[in-house]
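S.K.: Before anything else, here's the structure in question.
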Amino acid sequence: MSDIVVRVDAISKRFEAGKSSVQALNSLSFEIERGEVFALLGPNGSGKTTTLNILSCLLDPDQGDVEVLGLKRSDPHFFDKISFMSGDSEYYWAFTVSEILKFYANLSRCSWRLTSQLLGEFGLSQLTDRKWMMLSNGEKTRLRLVQALMTEPEVLFLDEPTVGLDPDISDIVRTKLKELHLKGLTIFLTSHYMKDIDSLASRVAFIKNGKLLEIAPREDFGDIEQLEQKFIRYAREEERQ
Amino acid sequence: MRVHTVKALTLRNIRATFTDKGRVSEILVFPVSFLVIWGLFYASGIAEVHLASQLLVINLIWSIAGTFQTQANLMLMFDLWSREFAQILRQGVRIEEMFVSHIIFSTTLGILNLLVFLFFIVYSFGGGMTEIRMFTELLPLYALSSIGLALMFGGFVLYLGRSYAFISWTGLQILIMLSSPFSPISTLPGWLQKLVLVSPFTFVFEYVRFGRVADYIAGLILSIIYLFLGTFCAYFFYNKRRKTKGLMEV
């Protein structure tokens, strides 16, 4: 029997700005099963980040609803077993790695022992006294991942986790995510990098203009080049429309 | 409301403030300059001691009310400018927890500010029980209304965006100028006399001027109204922003 951990049910969102408006999501629905790495793919402005923002309660949908681990967004325990990591999330520039993590550890009441272990695993143990503004992009991404994982989530939401990273660091991040997936972590991923999708995803969904176009197991899309071709085809169809 | 969340946010506010020399200077500059200005004024003997004392108290209340109100909003701005606001909310932190931690921090700073002033008033400027009683009696009035204003202006900034941060200082200054700080209400034109009663600080300055307030309870009720109004504004504008543009990039 399937164990659905994320349920997105007919969510719609329209952004109004003066006289213009954009339909960011149009009755989008999908489900993610426990242990999956679910990748949401689509061109810029297709609604991937809007979906994640609704899931993280930063934005309310106009219609529809979402459920994670059987909990609605209004449930006080909604965030207890989930984590969000965005490739462009920021921390206070003058705080050190250790100050940032201690703050988030206090917020989530999670163990510092696990955090120290994660710092070691992500190669940040020597950087605990370094300020956020002094970290390289790769170090910042690893710190964001440590912060997301220190709460031992059951579901991890990742928005463009390897954006701006060099191939070496991207590979380290992907390897770590694969390990976590093998341990049973459910991952929801948005990315433009086909290599992320190719090496991590177990199921892929394409969206454009906030509508679901196709959803299928990763292997149904062929190899990485075929996956990329499909992406380009969908993106260009959108331009023509 | 979760105590551990409020505690974590408050400790972060303290750490963020006291590890930043610029923020520390910002906190000290107004109290210190008021004390220096008043001290010189008092020492020069160019005005009656009574007038000098009245000016001092008005400036001090201005400064303390400012600390109560603007520090809370500065902490909110600090989250918005650093772009960490969304990241904190993604941990499941609720807006009321964030505001309460900012208010605890700013209120504590405001009270410390007050204690330092009272120390100087008593030990350097020859003040005594009268001044201590005045500040203590007035504390609920300007504390409650300043917290209400902190919530109200915080709500505006959340809805309008961080470039509207000036609202917190400008709003306070407008309200203080609207409170007739330098002349009795009775000297104002009739229409203005009614208008100044809308400001929560009018009662405070009337107290300073006459050593009592005609209707302390009315002042207290007005301060409580500001607190409720501020709470409503904070929730209303936060939810409106979340429904329309979202809280990702405030």
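A note on labels: chains of the structure tokens are A, B, ... as shown, every chain counts residues from 1, and ligands are counted from 1 in their shown order.
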At a cut-off of 10 Å, which residues of chain A touch chain B? Count only C-alpha atoms and give the answer as a PyMOL selection string.
M.R.: chain A and resi 13-17+50+53-62+73+76-80+82-86+88-95+99-100+102-109+148+151
S.K.: Find the residues around A:Ile232 up to 12 Å (only C-alpha atoms counted), leave out those fewer than 4 positions away in its own chain, and share them as a short mmCIF file (atom, residue, chain, number, x, y, z; two decimals) with C-alpha atoms, in the first residue's frame.
M.R.:
data_model
loop_
_atom_site.label_atom_id
_atom_site.label_comp_id
_atom_site.auth_asym_id
_atom_site.auth_seq_id
_atom_site.Cartn_x
_atom_site.Cartn_y
_atom_site.Cartn_z
CA LEU A 41 10.94 20.51 -13.58
CA GLY A 42 9.93 23.49 -15.63
CA PRO A 43 11.23 26.64 -17.28
CA ASN A 44 11.69 29.91 -15.39
CA HIS A 192 17.30 23.41 -13.68
CA MET A 194 19.62 17.95 -15.57
CA PHE A 206 7.08 18.76 -15.81
CA LYS A 208 4.65 25.11 -17.26
CA GLU A 225 20.16 14.01 -23.03
CA GLN A 226 16.62 12.86 -23.72
CA LEU A 227 15.52 14.41 -20.46
CA GLU A 228 17.14 17.70 -21.46
CA ARG A 236 9.98 26.32 -26.37
CA GLU A 237 6.39 25.23 -26.73
CA GLU A 238 5.67 27.66 -23.95
CA GLU A 239 7.43 30.46 -25.81
#
S.K.: Work out how far atom CA of A:Val37 is from atom CA of A:Thr175, in Å to one decimal.
M.R.: 13.5 Å
S.K.: Using the chain letters and numbers from this document, which residues of stretch 25-155 of chain A does DSSP assign to alpha helix (DSSP H), as a PyMOL selection string?
M.R.: chain A and resi 48-55+97-108+112-121+137-149
S.K.: If you measure from atom CA of B:Ile64 to atom CA of B:Ile27, what distance in Å do you get, rounded to one decimal?
M.R.: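 These two atoms are separated by 10.5 Å.
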